[in-house]
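Worksheet for the structure shown next.
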Amino acid sequence: MVWASWTTPGVFTGRGGARTNEAGIVVGDLTVHTTWDGNEADVAVQYTGTSEWFTLTGSPVPCRSEVHSRQLHQAAVEAVKAGGGSTVPQL
């Protein structure tokens with residue numbers, strides 16, 4: 001089984017925050033986490049320093065390779081920074 005994950009703490013949301021399935025719009029200092037299982041990538045956010053994770057709306061995303069999932073993670077970080085009720089970007 002292949003898998004990979006990436007975590008980026010200290011991502012400050014842009015105006016309008018990031019949209020999650022569980023909590024709606026979240027704003028502030030977030031940690032973005034992406035897990036790839038070989039077939040799809042799950043993207044979640046949490047308030048940095050807390051334990052509760054929220055699914056970023058649009059997750060999971062079909063993802064064919066580890067490289068593609070890493071690119072997706074970076075795109076999600078940039079989307080959260082941009083704000084505007086960001087969701088998982090489509091690459």
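We name chains A, B, ... following the order of the structure tokens; residues begin at 1 in each chain, and ligands are numbered from 1 as shown.
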So that I can check the surroundings of Ala82 in chain A, please list as a list in words every protein, DNA and RNA residue that reaches within 9 Å of it, counting only C-alpha atoms and ignoring chain neighbours fewer than 4 positions away.
Phe12, Thr13, Gly14, Arg15, Gly16, Gly17, Ala18, Val77, Glu78 and Ser86 of chain A
Hey, what's within 8 Å of Ala4 in chain A if we count only C-alpha atoms and toss same-chain stuff fewer than 5 positions away? As a PyMOL selection string, please?
chain A and resi 35-37+66
Excluding Thr20 in chain A and residues on its chain fewer than 5 positions from it, collect all residues at most 12 Å away from it, counting only C-alpha atoms, and give them as an NGL selection string.
:A and (25-27 or 32 or 43-46 or 53-59 or 80 or 85-88)
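All residues in chain A with a DSSP state of helix (DSSP H, G or I), computed from the backbone, read Glu66, Val67, His68, Ser69, Arg70, Gln71, Leu72, His73, Gln74, Ala75, Ala76, Val77, Glu78, Ala79, Val80, Lys81 and Ala82 of chain A.
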May I have all residues of range 3-42 of chain A that DSSP, computed from the backbone, assigns to strand (DSSP E), given as number ranges by chain?
A: 4-12, 18-20, 24-26, 29-36, 40-42
Residues just named, written with N, CA and C atoms as a PDB file, in the first residue's frame:
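Below is the file selection02.pdb, written as the result:
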ATOM      1  N   ALA A   4       1.009   8.895   1.440  1.00  0.00           N
ATOM      2  CA  ALA A   4       1.871  10.016   1.804  1.00  0.00           C
ATOM      3  C   ALA A   4       0.998  11.058   2.473  1.00  0.00           C
ATOM      4  N   SER A   5       1.620  11.919   3.256  1.00  0.00           N
ATOM      5  CA  SER A   5       0.860  13.008   3.873  1.00  0.00           C
ATOM      6  C   SER A   5       1.750  14.233   4.017  1.00  0.00           C
ATOM      7  N   TRP A   6       1.113  15.370   4.035  1.00  0.00           N
ATOM      8  CA  TRP A   6       1.794  16.654   4.204  1.00  0.00           C
ATOM      9  C   TRP A   6       0.996  17.500   5.172  1.00  0.00           C
ATOM     10  N   THR A   7       1.711  18.254   5.992  1.00  0.00           N
ATOM     11  CA  THR A   7       1.083  19.133   6.965  1.00  0.00           C
ATOM     12  C   THR A   7       1.785  20.481   6.920  1.00  0.00           C
ATOM     13  N   THR A   8       0.988  21.549   6.801  1.00  0.00           N
ATOM     14  CA  THR A   8       1.529  22.903   6.792  1.00  0.00           C
ATOM     15  C   THR A   8       0.826  23.707   7.882  1.00  0.00           C
ATOM     16  N   PRO A   9       1.515  23.989   9.000  1.00  0.00           N
ATOM     17  CA  PRO A   9       0.920  24.803  10.066  1.00  0.00           C
ATOM     18  C   PRO A   9       1.108  26.291   9.782  1.00  0.00           C
ATOM     19  N   GLY A  10       0.373  27.110  10.521  1.00  0.00           N
ATOM     20  CA  GLY A  10       0.565  28.554  10.454  1.00  0.00           C
ATOM     21  C   GLY A  10       0.088  29.191   9.165  1.00  0.00           C
ATOM     22  N   VAL A  11      -0.993  28.667   8.595  1.00  0.00           N
ATOM     23  CA  VAL A  11      -1.557  29.223   7.370  1.00  0.00           C
ATOM     24  C   VAL A  11      -2.693  30.169   7.773  1.00  0.00           C
ATOM     25  N   PHE A  12      -2.497  31.466   7.554  1.00  0.00           N
ATOM     26  CA  PHE A  12      -3.512  32.442   7.931  1.00  0.00           C
ATOM     27  C   PHE A  12      -4.486  32.626   6.774  1.00  0.00           C
ATOM     28  N   ALA A  18     -11.912  29.811   4.938  1.00  0.00           N
ATOM     29  CA  ALA A  18     -11.948  28.544   4.211  1.00  0.00           C
ATOM     30  C   ALA A  18     -13.236  27.810   4.575  1.00  0.00           C
ATOM     31  N   ARG A  19     -13.840  27.157   3.595  1.00  0.00           N
ATOM     32  CA  ARG A  19     -15.113  26.461   3.808  1.00  0.00           C
ATOM     33  C   ARG A  19     -14.860  24.994   4.170  1.00  0.00           C
ATOM     34  N   THR A  20     -15.483  24.554   5.266  1.00  0.00           N
ATOM     35  CA  THR A  20     -15.368  23.163   5.696  1.00  0.00           C
ATOM     36  C   THR A  20     -16.753  22.512   5.724  1.00  0.00           C
ATOM     37  N   GLY A  24     -18.533  24.899   8.550  1.00  0.00           N
ATOM     38  CA  GLY A  24     -18.782  26.045   7.673  1.00  0.00           C
ATOM     39  C   GLY A  24     -17.478  26.798   7.430  1.00  0.00           C
ATOM     40  N   ILE A  25     -17.550  28.117   7.459  1.00  0.00           N
ATOM     41  CA  ILE A  25     -16.377  28.949   7.216  1.00  0.00           C
ATOM     42  C   ILE A  25     -15.523  29.027   8.481  1.00  0.00           C
ATOM     43  N   VAL A  26     -14.232  28.774   8.339  1.00  0.00           N
ATOM     44  CA  VAL A  26     -13.285  28.946   9.448  1.00  0.00           C
ATOM     45  C   VAL A  26     -12.283  30.017   9.043  1.00  0.00           C
ATOM     46  N   ASP A  29      -5.658  31.295  12.072  1.00  0.00           N
ATOM     47  CA  ASP A  29      -4.422  30.534  11.950  1.00  0.00           C
ATOM     48  C   ASP A  29      -4.765  29.055  11.853  1.00  0.00           C
ATOM     49  N   LEU A  30      -4.610  28.486  10.653  1.00  0.00           N
ATOM     50  CA  LEU A  30      -4.983  27.091  10.419  1.00  0.00           C
ATOM     51  C   LEU A  30      -3.774  26.239  10.082  1.00  0.00           C
ATOM     52  N   THR A  31      -3.922  24.947  10.301  1.00  0.00           N
ATOM     53  CA  THR A  31      -2.996  23.940   9.808  1.00  0.00           C
ATOM     54  C   THR A  31      -3.727  23.196   8.697  1.00  0.00           C
ATOM     55  N   VAL A  32      -3.052  23.031   7.553  1.00  0.00           N
ATOM     56  CA  VAL A  32      -3.621  22.311   6.414  1.00  0.00           C
ATOM     57  C   VAL A  32      -2.927  20.955   6.332  1.00  0.00           C
ATOM     58  N   HIS A  33      -3.718  19.890   6.219  1.00  0.00           N
ATOM     59  CA  HIS A  33      -3.161  18.527   6.179  1.00  0.00           C
ATOM     60  C   HIS A  33      -3.779  17.774   5.003  1.00  0.00           C
ATOM     61  N   THR A  34      -2.925  17.131   4.222  1.00  0.00           N
ATOM     62  CA  THR A  34      -3.372  16.319   3.087  1.00  0.00           C
ATOM     63  C   THR A  34      -2.830  14.908   3.251  1.00  0.00           C
ATOM     64  N   THR A  35      -3.701  13.927   3.080  1.00  0.00           N
ATOM     65  CA  THR A  35      -3.311  12.519   3.110  1.00  0.00           C
ATOM     66  C   THR A  35      -3.693  11.897   1.774  1.00  0.00           C
ATOM     67  N   TRP A  36      -2.739  11.199   1.162  1.00  0.00           N
ATOM     68  CA  TRP A  36      -2.956  10.521  -0.110  1.00  0.00           C
ATOM     69  C   TRP A  36      -2.843   9.025   0.106  1.00  0.00           C
ATOM     70  N   GLU A  40      -6.803   8.658  -3.885  1.00  0.00           N
ATOM     71  CA  GLU A  40      -7.413   9.962  -3.669  1.00  0.00           C
ATOM     72  C   GLU A  40      -6.705  10.685  -2.532  1.00  0.00           C
ATOM     73  N   ALA A  41      -6.917  12.005  -2.510  1.00  0.00           N
ATOM     74  CA  ALA A  41      -6.315  12.830  -1.463  1.00  0.00           C
ATOM     75  C   ALA A  41      -7.427  13.436  -0.611  1.00  0.00           C
ATOM     76  N   ASP A  42      -7.236  13.375   0.699  1.00  0.00           N
ATOM     77  CA  ASP A  42      -8.138  13.998   1.660  1.00  0.00           C
ATOM     78  C   ASP A  42      -7.446  15.248   2.197  1.00  0.00           C
TER      79      ASP A  42
END
With only C-alpha atoms as the basis for distance, which of A:Leu91, A:Asn39, A:Met1, A:Glu52 is at the shortest distance from Gln74 in chain A?
A:Leu91
Quote the spacing between CA of Lys81 in chain A and CA of Ala23 in chain A in Å to one decimal place.
17.9 Å
To one decimal place in Å, what is the distance between CA of Gly84 in chain A and CA of Val67 in chain A?
26.6 Å
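For the atom pair formed by CA of Asn21 in chain A and CA of Val61 in chain A, the distance is 14.2 Å, given to one decimal.
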